[in-house]
Amino acid sequence: MEDNKFQMELKLKEIAQILGGTIDGDEDTVINNISGIEDAKEGDITFVANPKYINYIEKTKASAIVCSPEISSESKNLLKVKNPYLAYAKAITFLNPPREETGTIDERAFIGKDVKLGKNVTIYPFAFIGDGSTIGDHTTIYPNCFLGRKVKIGSNTFLHPNVTIREDCIVGNNVIINSGAIIGSDGFGFASDGAKKFKIPQLGIVQIDDDVEIGACTTIDRATMGKTWIKRGAKLDNLIQVAHNCTIGEDSVIIAHTGISGSTHIGDRVTMAGQSATTGHVKIGDDVIVGARGGVAADIPPGQIVSGAPTMPHRDWLRSTLIFKKLPEMNQTIKDLKKKISELESKIKG
Amino acid sequence: MEDNKFQMELKLKEIAQILGGTIDGDEDTVINNISGIEDAKEGDITFVANPKYINYIEKTKASAIVCSPEISSESKNLLKVKNPYLAYAKAITFLNPPREETGTIDERAFIGKDVKLGKNVTIYPFAFIGDGSTIGDHTTIYPNCFLGRKVKIGSNTFLHPNVTIREDCIVGNNVIINSGAIIGSDGFGFASDGAKKFKIPQLGIVQIDDDVEIGACTTIDRATMGKTWIKRGAKLDNLIQVAHNCTIGEDSVIIAHTGISGSTHIGDRVTMAGQSATTGHVKIGDDVIVGARGGVAADIPPGQIVSGAPTMPHRDWLRSTLIFKKLPEMNQTIKDLKKKISELESKIKG
Amino acid sequence: MEDNKFQMELKLKEIAQILGGTIDGDEDTVINNISGIEDAKEGDITFVANPKYINYIEKTKASAIVCSPEISSESKNLLKVKNPYLAYAKAITFLNPPREETGTIDERAFIGKDVKLGKNVTIYPFAFIGDGSTIGDHTTIYPNCFLGRKVKIGSNTFLHPNVTIREDCIVGNNVIINSGAIIGSDGFGFASDGAKKFKIPQLGIVQIDDDVEIGACTTIDRATMGKTWIKRGAKLDNLIQVAHNCTIGEDSVIIAHTGISGSTHIGDRVTMAGQSATTGHVKIGDDVIVGARGGVAADIPPGQIVSGAPTMPHRDWLRSTLIFKKLPEMNQTIKDLKKKISELESKIKG
């Protein structure tokens, strides 16, 4: 992974100037690479953000370690910061600026009629830009992406290869959409006349606001009418289903394989852990955390931590889950008690 | 969403002529748009199909509301019909006819040898049509779609962008396939010789009958031999896995993230709710409903409603789930009883 | 399905020479097709590998049946082998050699700068091969596939249509990647400063070793640093999520909809059944089997069979699951016991 190497060498004190924090060790240590604590070599800087990795501090070959203030080491140069994970993110970003795109429209891309392109837009071969679409400044569209008619995309947005954005959908600024994601597929709605199913046309759109990231092969269905709405700063992992007319609030985080049924309204800063789900037409308040595989079947007030299906307070779920393991034992105890009571009853009668 | 506006203005009585039903209110009310009850403006017609929204009737700004006969309102014009959801579907469809396609084959599409094209077929740029394929009248194929060798597609079928249909597969008439869907990927079959795994070639096909809809990023594996078969009118949501040699019966509805293992036979009019699953080689009878996250591990007779994993009758599952929440309490009760019995035993001995 | 027909007719004894095993019946029976036991016609050879199908032996119209040595039949020609499923795999492979590819680079494909192509490489229209990529001998790349900059692909590897392989990723020899799979999408990592989320650049790669198969719409995220690593012979089904920095060991089998969280290390010959999952930073030992929907929340030593969420020994889970169904009954028993104890207490007091 030579690509992780910096273009330059930096002293630890220069890195401290960028990240903040205080140095415990040799501030002139030369750093020329960034790496994980297990793979680090001499000249590398590494990070301890997860407590699981604290015992690697003395073992790593890294020349310096970014960590939280309470950590100490006899042999290592430490750069102590309040939030090592954030420092790590900022360091990688600073030291590995994204590759510059060409700012050109490849002639093998298809550009429809009345398309408005901002400055420095890059469009790769085999991308299809539908009639009447608008693409903002510095936005990049990789091969095999599809934009339907009248799609609007903001500035500094990045579409990885093989992304589909259907007609009329709106994508904001600084959005990243990973490969295979489908934005604006038909919502799943059918009216039955008893015998067969009649498709309900899905006339709405998907609106994705600024600073959102959408994972690979995540599907976001267009609204029946109105919009399915992913608000500013929301982060969606891979293979997530967002059904028609849902709202996902600002800075919410949705983990892989989560399924969000129609007309669910998710508040701001909500976390939905992996493989969780909702039934339709429920509201999840701000700052709620839904545990892995939680199944939300009713409204949840703000700030709750819930798990299980249907969801219950997380602590209750933990307790019930612990006892679930002991059910056979509990069953036996009940049988024993039954027997003892029979014996007692006989004795008393007798 | 100006696109939802009708091309024309209609009076409420004209809409009643199309949908049937009786008017309670001013039959000459002018309607020029259709919208959701929460977003409706003056001049809009809206619908109440879900009882959750009945209390919006007096609040909505809509000029008319389609609803079921038992609803009444002092201030609103009502159009009362037997099945408001179906009326709603029909109204949207009537008032928003699908956009007409060009009926042309773009020169940037790849058309293989011996391809047979019906009348008025539309093929967009970067679509790949394999040798010997057949495409019926009025069928539309969007950009980046792939049809392998000898694929057969019927009439009035619509492939959204980025759909893959592998060699020899068959798709009927009036089928809609959403973006990212994969039809005819290799079934997952390996024979082990103890040390390593030997791939079993997947020589069969996928057959999709008329009036089927397939969701975004849904994957349907080809059969090992014979066919994986999606029968007439079945509706599959997004991100569903259908393994090799399965059959999904007529008018069945499968919700997102459901995983159907190999050689599962699903009857007609079956519902499988979100994130449900089957083990392989099971039969699910006609009209069965499998609840959200139900795990079908054995054959299910027709007409049953089941939930849980492994599945049990839905009412039993509800009861057990309710008690699951109370397990800690139950555990405490058992401990208390144990103690009391010990005390009773002592007293009697004493 | 005429395509399943052999190019030639073979006698049963010739097939026995290829597969091994002993014939019980007429060794000169002419065989000209291979098919499933339910669909077989005269002239077909079929197989019984799953005991569920033993009772089809007398009913099938097949002219010969490959089966295990202990099976006998009065009316049918049997070819008895130790491992019928493996024999079946080998027979299909022998009798249906894969179609030969053209070994040409279509001019409608995009080939970047400094691309190194081996002998007999086939690249279809609308495939995009990024600058500096390397593709080994006899490798085939179908339409709409994307290879980013500096991707390395080995020999005899097959990319089905619509596969995405992002920059710097490495794919070995004899690898099959099904349609819609995404290799090297951004890992899901954000550092929070309390108010908003800061994206952690994902600088690592995905490395896929020899003999791996990746299912349709399966997503494998690139590492933050270092690599996400799918080792030799691993087989991944459809719609699986593999997060950043995971390792999947040799010959492991992962079934559809499984979600593997970041930095999970899965050993060799592990099976993860459908819809199972792991939390991050756990280790699963060699030869572990995780049951359907198992949720791995802690390290699992080698050789264990586990189920449930969080996982427990499979047998314990079976027992607890059985009792789960009886919880209402158990609840009633406890109530009854409580009442009896009260009665006993009264009697003794009295």
# chains A, B, ... in the order shown; residues from 1 in each chain; ligands from 1
$ closest_atom_pairs --of "chain B" --to "chain C" --cutoff "6 Å" --atoms "only C-alpha atoms" --output "Markdown table"
| residue | atom | partner | partner_atom | distance |
| --- | --- | --- | --- | --- |
| B:Ala191 | CA | C:Leu86 | CA | 4.8 |
| B:Ile200 | CA | C:Ala89 | CA | 4.6 |
| B:Ser320 | CA | C:Leu327 | CA | 5.4 |
$ write_last_selection --atoms "all heavy atoms" --output "PDB file, in the first residue's frame"
ATOM      1  N   ALA B 191     -20.091 -28.654  -4.451  1.00  0.00           N
ATOM      2  CA  ALA B 191     -19.966 -29.990  -3.870  1.00  0.00           C
ATOM      3  C   ALA B 191     -18.584 -30.079  -3.261  1.00  0.00           C
ATOM      4  O   ALA B 191     -17.596 -29.672  -3.872  1.00  0.00           O
ATOM      5  CB  ALA B 191     -20.134 -31.042  -4.963  1.00  0.00           C
ATOM      6  N   ILE B 200     -20.763 -26.297  -8.848  1.00  0.00           N
ATOM      7  CA  ILE B 200     -21.769 -26.981  -9.658  1.00  0.00           C
ATOM      8  C   ILE B 200     -22.271 -25.998 -10.711  1.00  0.00           C
ATOM      9  O   ILE B 200     -22.864 -24.981 -10.379  1.00  0.00           O
ATOM     10  CB  ILE B 200     -22.939 -27.444  -8.785  1.00  0.00           C
ATOM     11  CG1 ILE B 200     -22.409 -28.428  -7.747  1.00  0.00           C
ATOM     12  CG2 ILE B 200     -24.028 -28.076  -9.633  1.00  0.00           C
ATOM     13  CD1 ILE B 200     -23.422 -28.851  -6.730  1.00  0.00           C
ATOM     14  N   SER B 320     -46.082 -15.456  22.970  1.00  0.00           N
ATOM     15  CA  SER B 320     -44.741 -15.756  23.485  1.00  0.00           C
ATOM     16  C   SER B 320     -43.876 -14.509  23.514  1.00  0.00           C
ATOM     17  O   SER B 320     -43.083 -14.296  24.434  1.00  0.00           O
ATOM     18  CB  SER B 320     -44.076 -16.832  22.619  1.00  0.00           C
ATOM     19  OG  SER B 320     -44.632 -18.097  22.895  1.00  0.00           O
TER      20      SER B 320
END
$ calpha_fit_and_write --fixed "chain A" --moving "chain B" --output "short mmCIF file (atom, residue, chain, number, x, y, z; two decimals) with C-alpha atoms, in the first residue's frame"
data_model
loop_
_atom_site.label_atom_id
_atom_site.label_comp_id
_atom_site.auth_asym_id
_atom_site.auth_seq_id
_atom_site.Cartn_x
_atom_site.Cartn_y
_atom_site.Cartn_z
CA MET B 1 0.00 -0.01 -0.05
CA GLU B 2 2.65 2.55 -1.01
CA ASP B 3 -0.24 4.81 -1.89
CA ASN B 4 -0.74 5.55 1.80
CA LYS B 5 2.70 7.20 1.93
CA PHE B 6 2.75 10.94 2.33
CA GLN B 7 4.16 13.02 -0.47
CA MET B 8 6.49 14.57 2.11
CA GLU B 9 8.20 13.85 5.41
CA LEU B 10 6.87 15.62 8.48
CA LYS B 11 8.18 15.99 11.99
CA LEU B 12 5.89 14.95 14.84
CA LYS B 13 5.70 18.58 15.99
CA GLU B 14 4.44 19.63 12.56
CA ILE B 15 1.68 17.03 12.78
CA ALA B 16 0.86 18.32 16.28
CA GLN B 17 0.42 21.77 14.79
CA ILE B 18 -2.20 20.42 12.39
CA LEU B 19 -4.07 18.17 14.82
CA GLY B 20 -3.56 20.04 18.08
CA GLY B 21 -2.64 18.08 21.22
CA THR B 22 0.55 17.71 23.22
CA ILE B 23 3.62 15.60 22.51
CA ASP B 24 4.97 13.16 25.08
CA GLY B 25 8.30 12.05 23.58
CA ASP B 26 10.60 13.26 20.80
CA GLU B 27 8.91 16.07 18.88
CA ASP B 28 11.46 15.86 16.05
CA THR B 29 10.62 12.25 15.17
CA VAL B 30 10.29 12.03 11.39
CA ILE B 31 7.00 10.64 10.13
CA ASN B 32 6.42 9.61 6.53
CA ASN B 33 3.48 7.26 6.59
CA ILE B 34 0.20 6.55 8.39
CA SER B 35 -0.96 3.04 9.14
CA GLY B 36 -2.96 0.71 11.38
CA ILE B 37 -1.35 -0.16 14.73
CA GLU B 38 -0.87 -3.84 13.85
CA ASP B 39 0.78 -3.16 10.47
CA ALA B 40 2.77 -0.07 11.37
CA LYS B 41 6.49 0.18 10.50
CA GLU B 42 9.24 2.55 11.57
CA GLY B 43 8.51 6.04 10.31
CA ASP B 44 4.75 5.51 10.59
CA ILE B 45 2.32 7.36 12.77
CA THR B 46 -0.60 5.32 14.07
CA PHE B 47 -3.64 5.82 16.30
CA VAL B 48 -5.37 4.24 19.26
CA ALA B 49 -9.04 5.14 19.23
CA ASN B 50 -10.61 1.82 20.25
CA PRO B 51 -9.64 0.71 23.83
CA LYS B 52 -9.32 -2.86 22.47
CA TYR B 53 -6.00 -1.81 20.94
CA ILE B 54 -4.33 -0.18 23.95
CA ASN B 55 -2.19 -3.25 24.61
CA TYR B 56 -0.67 -2.86 21.14
CA ILE B 57 0.98 0.42 22.15
CA GLU B 58 4.19 -1.12 23.45
CA LYS B 59 4.29 -3.73 20.64
CA THR B 60 3.74 -1.56 17.57
CA LYS B 61 6.72 -0.58 15.40
CA ALA B 62 5.17 2.83 14.72
CA SER B 63 7.36 5.87 15.46
CA ALA B 64 4.49 7.78 17.02
CA ILE B 65 0.99 7.11 18.32
CA VAL B 66 -1.95 9.48 18.52
CA CYS B 67 -3.95 8.64 21.63
CA SER B 68 -6.08 10.11 24.40
CA PRO B 69 -4.41 12.15 27.21
CA GLU B 70 -4.66 9.50 29.93
CA ILE B 71 -2.47 7.02 28.05
CA SER B 72 1.25 6.84 28.82
CA SER B 73 4.13 4.85 27.38
CA GLU B 74 7.75 4.42 28.36
CA SER B 75 9.09 3.58 24.91
CA LYS B 76 6.80 5.37 22.44
CA ASN B 77 6.34 8.92 21.21
CA LEU B 78 2.75 9.90 21.94
CA LEU B 79 0.66 12.72 20.54
CA LYS B 80 -2.12 13.20 23.07
CA VAL B 81 -5.41 14.64 21.82
CA LYS B 82 -8.93 14.82 23.20
CA ASN B 83 -10.57 12.84 20.38
CA PRO B 84 -8.02 10.47 18.80
CA TYR B 85 -10.51 9.04 16.29
CA LEU B 86 -11.32 12.50 14.97
CA ALA B 87 -7.61 13.41 14.90
CA TYR B 88 -6.96 10.23 12.95
CA ALA B 89 -9.67 11.12 10.42
CA LYS B 90 -8.29 14.63 10.02
CA ALA B 91 -4.71 13.40 9.69
CA ILE B 92 -5.56 10.90 6.97
CA THR B 93 -7.55 13.52 5.11
CA PHE B 94 -4.79 16.12 5.37
CA LEU B 95 -2.05 13.71 4.40
CA ASN B 96 -3.96 12.04 1.56
CA PRO B 97 -5.82 14.71 -0.35
CA PRO B 98 -8.27 13.15 -2.83
CA ARG B 99 -6.99 12.68 -6.36
CA GLU B 100 -7.87 15.52 -8.68
CA GLU B 101 -10.42 14.73 -11.36
CA THR B 102 -9.95 15.84 -14.96
CA GLY B 103 -12.79 18.34 -15.10
CA THR B 104 -13.69 17.10 -18.56
CA ILE B 105 -16.73 15.50 -20.13
CA ASP B 106 -15.70 12.31 -21.92
CA GLU B 107 -17.10 12.10 -25.42
CA ARG B 108 -18.27 8.54 -24.77
CA ALA B 109 -20.66 9.78 -22.08
CA PHE B 110 -24.24 10.55 -23.17
CA ILE B 111 -25.31 14.11 -22.40
CA GLY B 112 -29.03 14.75 -23.04
CA LYS B 113 -30.71 17.95 -24.22
CA ASP B 114 -30.82 21.04 -22.04
CA VAL B 115 -28.35 19.70 -19.53
CA LYS B 116 -26.79 22.42 -17.35
CA LEU B 117 -23.24 21.72 -16.25
CA GLY B 118 -21.35 23.73 -13.61
CA LYS B 119 -17.64 24.49 -13.64
CA ASN B 120 -15.08 21.72 -13.53
CA VAL B 121 -17.58 18.88 -13.84
CA THR B 122 -16.03 15.47 -14.64
CA ILE B 123 -18.11 12.90 -16.50
CA TYR B 124 -16.62 9.52 -17.39
CA PRO B 125 -17.43 7.24 -20.36
CA PHE B 126 -20.75 5.41 -20.48
CA ALA B 127 -22.38 7.76 -17.98
CA PHE B 128 -25.87 8.78 -19.11
CA ILE B 129 -27.12 12.26 -18.24
CA GLY B 130 -30.83 12.63 -18.94
CA ASP B 131 -32.50 15.62 -20.63
CA GLY B 132 -32.88 18.72 -18.54
CA SER B 133 -30.54 17.60 -15.77
CA THR B 134 -28.43 20.04 -13.77
CA ILE B 135 -24.99 19.23 -12.33
CA GLY B 136 -23.17 21.60 -9.96
CA ASP B 137 -19.53 22.73 -9.88
CA HIS B 138 -16.73 20.24 -9.21
CA THR B 139 -19.09 17.28 -9.26
CA THR B 140 -17.75 13.94 -10.55
CA ILE B 141 -19.76 11.23 -12.27
CA TYR B 142 -18.10 7.87 -12.82
CA PRO B 143 -18.71 5.33 -15.60
CA ASN B 144 -22.06 3.58 -16.02
CA CYS B 145 -23.90 6.07 -13.83
CA PHE B 146 -27.42 6.96 -14.92
CA LEU B 147 -29.17 10.27 -14.30
CA GLY B 148 -32.78 10.38 -15.46
CA ARG B 149 -34.62 13.40 -16.86
CA LYS B 150 -34.46 16.62 -14.84
CA VAL B 151 -32.23 15.24 -12.11
CA LYS B 152 -30.57 17.98 -10.07
CA ILE B 153 -27.15 17.38 -8.52
CA GLY B 154 -25.30 19.94 -6.40
CA SER B 155 -21.63 20.87 -6.17
CA ASN B 156 -18.67 18.81 -4.98
CA THR B 157 -20.76 15.69 -5.17
CA PHE B 158 -19.23 12.35 -6.12
CA LEU B 159 -21.04 9.51 -7.87
CA HIS B 160 -19.04 6.28 -7.88
CA PRO B 161 -19.49 3.89 -10.84
CA ASN B 162 -22.82 2.19 -11.55
CA VAL B 163 -25.05 4.58 -9.58
CA THR B 164 -28.65 5.05 -10.75
CA ILE B 165 -30.54 8.28 -10.06
CA ARG B 166 -33.99 8.25 -11.57
CA GLU B 167 -35.98 11.12 -13.06
CA ASP B 168 -36.69 14.32 -11.09
CA CYS B 169 -34.64 13.34 -8.04
CA ILE B 170 -32.58 15.97 -6.22
CA VAL B 171 -29.11 15.47 -4.74
CA GLY B 172 -27.36 18.19 -2.71
CA ASN B 173 -23.77 19.38 -2.28
CA ASN B 174 -20.85 17.33 -0.90
CA VAL B 175 -22.81 14.12 -1.29
CA ILE B 176 -21.06 10.78 -1.86
CA ILE B 177 -23.02 7.96 -3.49
CA ASN B 178 -21.33 4.58 -3.58
CA SER B 179 -21.54 2.11 -6.44
CA GLY B 180 -24.69 0.17 -7.13
CA ALA B 181 -26.91 2.54 -5.12
CA ILE B 182 -30.35 3.12 -6.61
CA ILE B 183 -31.97 6.49 -5.94
CA GLY B 184 -35.60 6.93 -6.95
CA SER B 185 -36.69 3.40 -7.80
CA ASP B 186 -40.44 2.82 -7.79
CA GLY B 187 -42.03 2.70 -4.35
CA PHE B 188 -43.69 -0.64 -3.62
CA GLY B 189 -47.39 0.11 -3.69
CA PHE B 190 -50.28 -1.95 -5.01
CA ALA B 191 -54.02 -1.70 -4.47
CA SER B 192 -55.90 -4.98 -4.54
CA ASP B 193 -59.34 -5.39 -6.07
CA GLY B 194 -59.53 -8.78 -4.36
CA ALA B 195 -58.44 -10.72 -7.43
CA LYS B 196 -55.34 -8.93 -8.66
CA LYS B 197 -52.98 -6.14 -7.80
CA PHE B 198 -53.10 -2.73 -9.40
CA LYS B 199 -49.83 -0.77 -9.43
CA ILE B 200 -49.97 2.62 -7.75
CA PRO B 201 -47.88 4.97 -9.88
CA GLN B 202 -45.02 6.43 -7.88
CA LEU B 203 -44.99 10.10 -8.89
CA GLY B 204 -42.88 11.58 -6.13
CA ILE B 205 -39.12 11.93 -5.89
CA VAL B 206 -36.13 11.32 -3.64
CA GLN B 207 -34.43 14.38 -2.18
CA ILE B 208 -30.95 13.96 -0.72
CA ASP B 209 -29.60 16.97 1.16
CA ASP B 210 -26.02 18.17 1.61
CA ASP B 211 -23.23 16.10 3.21
CA VAL B 212 -25.07 12.80 2.91
CA GLU B 213 -23.27 9.53 2.15
CA ILE B 214 -25.15 6.60 0.58
CA GLY B 215 -23.66 3.08 0.68
CA ALA B 216 -23.17 0.52 -2.07
CA CYS B 217 -26.33 -1.19 -3.36
CA THR B 218 -28.53 0.83 -1.02
CA THR B 219 -31.97 1.43 -2.53
CA ILE B 220 -34.07 4.52 -1.85
CA ASP B 221 -37.53 4.41 -3.36
CA ARG B 222 -39.23 7.52 -4.73
CA ALA B 223 -42.34 8.74 -2.92
CA THR B 224 -45.83 7.92 -4.14
CA MET B 225 -46.43 11.66 -4.03
CA GLY B 226 -44.15 14.26 -2.45
CA LYS B 227 -40.70 13.06 -1.49
CA THR B 228 -38.61 10.47 0.24
CA TRP B 229 -36.18 12.68 2.09
CA ILE B 230 -32.64 12.04 3.33
CA LYS B 231 -31.68 15.09 5.35
CA ARG B 232 -28.34 16.86 5.77
CA GLY B 233 -25.45 14.82 7.06
CA ALA B 234 -27.24 11.46 7.23
CA LYS B 235 -24.94 8.50 6.59
CA LEU B 236 -26.35 5.30 5.10
CA ASP B 237 -24.28 2.13 4.90
CA ASN B 238 -24.58 -0.62 2.24
CA LEU B 239 -27.60 -2.69 1.19
CA ILE B 240 -30.17 -0.59 3.06
CA GLN B 241 -33.77 -0.35 1.91
CA VAL B 242 -35.55 2.99 2.33
CA ALA B 243 -39.16 2.69 1.20
CA HIS B 244 -41.36 5.42 -0.28
CA ASN B 245 -42.17 8.57 1.64
CA CYS B 246 -39.69 8.01 4.47
CA THR B 247 -37.73 10.81 6.09
CA ILE B 248 -34.29 10.24 7.60
CA GLY B 249 -33.22 13.07 9.88
CA GLU B 250 -30.02 15.11 9.99
CA ASP B 251 -26.79 13.35 10.98
CA SER B 252 -28.58 10.04 11.45
CA VAL B 253 -26.55 6.87 10.90
CA ILE B 254 -28.12 3.76 9.39
CA ILE B 255 -26.09 0.53 9.31
CA ALA B 256 -26.07 -2.17 6.64
CA HIS B 257 -29.10 -4.33 5.78
CA THR B 258 -31.53 -2.10 7.66
CA GLY B 259 -35.01 -2.02 6.15
CA ILE B 260 -37.10 1.11 6.60
CA SER B 261 -40.75 0.64 5.65
CA GLY B 262 -42.94 3.20 3.95
CA SER B 263 -43.73 6.58 5.54
CA THR B 264 -41.36 6.04 8.46
CA HIS B 265 -40.12 9.30 9.92
CA ILE B 266 -36.70 9.07 11.54
CA GLY B 267 -35.52 12.03 13.60
CA ASP B 268 -32.12 13.72 13.79
CA ARG B 269 -28.99 12.00 15.12
CA VAL B 270 -30.73 8.62 15.22
CA THR B 271 -28.66 5.43 15.00
CA MET B 272 -30.18 2.31 13.51
CA ALA B 273 -27.79 -0.61 13.92
CA GLY B 274 -27.31 -3.43 11.43
CA GLN B 275 -30.27 -5.46 10.13
CA SER B 276 -32.74 -3.35 12.10
CA ALA B 277 -36.13 -2.51 10.62
CA THR B 278 -39.32 -0.53 11.01
CA THR B 279 -42.92 -1.23 10.13
CA GLY B 280 -44.52 1.54 8.14
CA HIS B 281 -45.97 4.83 9.35
CA VAL B 282 -43.96 5.06 12.60
CA LYS B 283 -42.03 7.99 14.05
CA ILE B 284 -38.63 7.62 15.66
CA GLY B 285 -37.65 10.61 17.81
CA ASP B 286 -34.35 12.49 17.75
CA ASP B 287 -31.28 10.82 19.26
CA VAL B 288 -32.88 7.38 19.43
CA ILE B 289 -30.58 4.35 19.19
CA VAL B 290 -32.11 1.17 17.76
CA GLY B 291 -29.93 -1.87 18.49
CA ALA B 292 -28.82 -4.44 15.93
CA ARG B 293 -31.83 -6.25 14.46
CA GLY B 294 -34.23 -4.08 16.45
CA GLY B 295 -37.72 -4.15 14.94
CA VAL B 296 -39.51 -0.84 15.46
CA ALA B 297 -43.28 -1.44 15.43
CA ALA B 298 -44.52 1.72 17.16
CA ASP B 299 -43.47 5.33 17.66
CA ILE B 300 -40.37 5.83 19.82
CA PRO B 301 -39.94 9.02 21.89
CA PRO B 302 -36.70 10.99 21.57
CA GLY B 303 -33.55 9.81 23.32
CA GLN B 304 -34.52 6.19 23.91
CA ILE B 305 -32.19 3.23 23.46
CA VAL B 306 -34.19 0.24 22.27
CA SER B 307 -33.58 -3.33 21.11
CA GLY B 308 -35.52 -6.47 20.26
CA ALA B 309 -38.42 -7.08 17.95
CA PRO B 310 -40.77 -5.51 18.71
CA THR B 311 -38.42 -3.05 20.38
CA MET B 312 -38.29 -2.53 24.16
CA PRO B 313 -35.85 -0.55 26.33
CA HIS B 314 -32.38 -1.89 25.61
CA ARG B 315 -31.70 -2.87 29.26
CA ASP B 316 -34.92 -4.85 29.46
CA TRP B 317 -34.01 -6.61 26.24
CA LEU B 318 -30.58 -7.49 27.61
CA ARG B 319 -32.15 -8.98 30.73
CA SER B 320 -34.73 -10.98 28.79
CA THR B 321 -32.09 -12.20 26.37
CA LEU B 322 -29.94 -13.44 29.23
CA ILE B 323 -32.87 -15.41 30.62
CA PHE B 324 -33.76 -16.76 27.17
CA LYS B 325 -30.56 -18.79 27.36
CA LYS B 326 -31.67 -20.21 30.71
CA LEU B 327 -35.17 -21.20 29.62
CA PRO B 328 -34.48 -24.95 29.72
CA GLU B 329 -33.15 -24.59 33.26
CA MET B 330 -36.14 -22.46 34.24
CA ASN B 331 -38.47 -25.04 32.74
CA GLN B 332 -36.85 -27.74 34.85
CA THR B 333 -37.13 -25.62 37.99
CA ILE B 334 -40.85 -25.18 37.40
CA LYS B 335 -41.29 -28.93 36.99
CA ASP B 336 -39.36 -29.51 40.22
CA LEU B 337 -41.48 -26.96 42.07
CA LYS B 338 -44.65 -28.56 40.77
CA LYS B 339 -43.54 -31.90 42.11
CA LYS B 340 -42.58 -30.48 45.48
CA ILE B 341 -45.93 -28.76 45.80
CA SER B 342 -47.72 -32.01 45.02
CA GLU B 343 -45.70 -33.68 47.72
CA LEU B 344 -46.49 -30.89 50.17
CA GLU B 345 -50.18 -31.12 49.32
CA SER B 346 -50.13 -34.88 49.95
CA LYS B 347 -48.35 -34.46 53.24
CA ILE B 348 -50.81 -31.85 54.44
CA LYS B 349 -53.80 -33.89 53.36
CA GLY B 350 -52.25 -36.91 54.94
#
$ select_by_dssp --residues "region 86-309 of chain B" --states "strand (DSSP E)" --output "ChimeraX atom specification"
/B:110-111,116-117,122-123,128-129,134-135,140-141,146-147,152-153,158-159,164-165,170-171,176-177,182-185,190-192,197-199,205-208,213-214,219-221,227-230,235-236,241-242,247-248,253-254,259-260,265-266,271-272,277-278,283-284,289-290,295-296,305-307
$ decode --residues "region 84-91 of chain C" --atoms "N, CA, C and O atoms" --output "CSV table (one decimal), in the first residue's frame"
chain,number,residue,atom,x,y,z
C,84,PRO,N,-22.4,-38.6,-4.2
C,84,PRO,CA,-23.2,-38.4,-5.4
C,84,PRO,C,-23.3,-36.9,-5.8
C,84,PRO,O,-23.3,-36.5,-7.0
C,85,TYR,N,-23.2,-36.0,-4.8
C,85,TYR,CA,-23.3,-34.6,-5.1
C,85,TYR,C,-22.1,-34.1,-5.9
C,85,TYR,O,-22.2,-33.3,-6.9
C,86,LEU,N,-20.9,-34.6,-5.4
C,86,LEU,CA,-19.7,-34.2,-6.1
C,86,LEU,C,-19.7,-34.8,-7.5
C,86,LEU,O,-19.3,-34.2,-8.5
C,87,ALA,N,-20.1,-36.1,-7.6
C,87,ALA,CA,-20.2,-36.8,-9.0
C,87,ALA,C,-21.1,-36.0,-9.9
C,87,ALA,O,-20.8,-35.8,-11.1
C,88,TYR,N,-22.2,-35.5,-9.4
C,88,TYR,CA,-23.2,-34.7,-10.1
C,88,TYR,C,-22.5,-33.4,-10.6
C,88,TYR,O,-22.6,-33.1,-11.8
C,89,ALA,N,-21.8,-32.8,-9.7
C,89,ALA,CA,-21.1,-31.5,-10.1
C,89,ALA,C,-20.1,-31.8,-11.2
C,89,ALA,O,-20.0,-31.1,-12.2
C,90,LYS,N,-19.3,-32.9,-11.1
C,90,LYS,CA,-18.3,-33.2,-12.1
C,90,LYS,C,-18.9,-33.6,-13.4
C,90,LYS,O,-18.4,-33.3,-14.5
C,91,ALA,N,-20.0,-34.3,-13.3
C,91,ALA,CA,-20.7,-34.8,-14.6
C,91,ALA,C,-21.2,-33.6,-15.3
C,91,ALA,O,-21.0,-33.4,-16.6
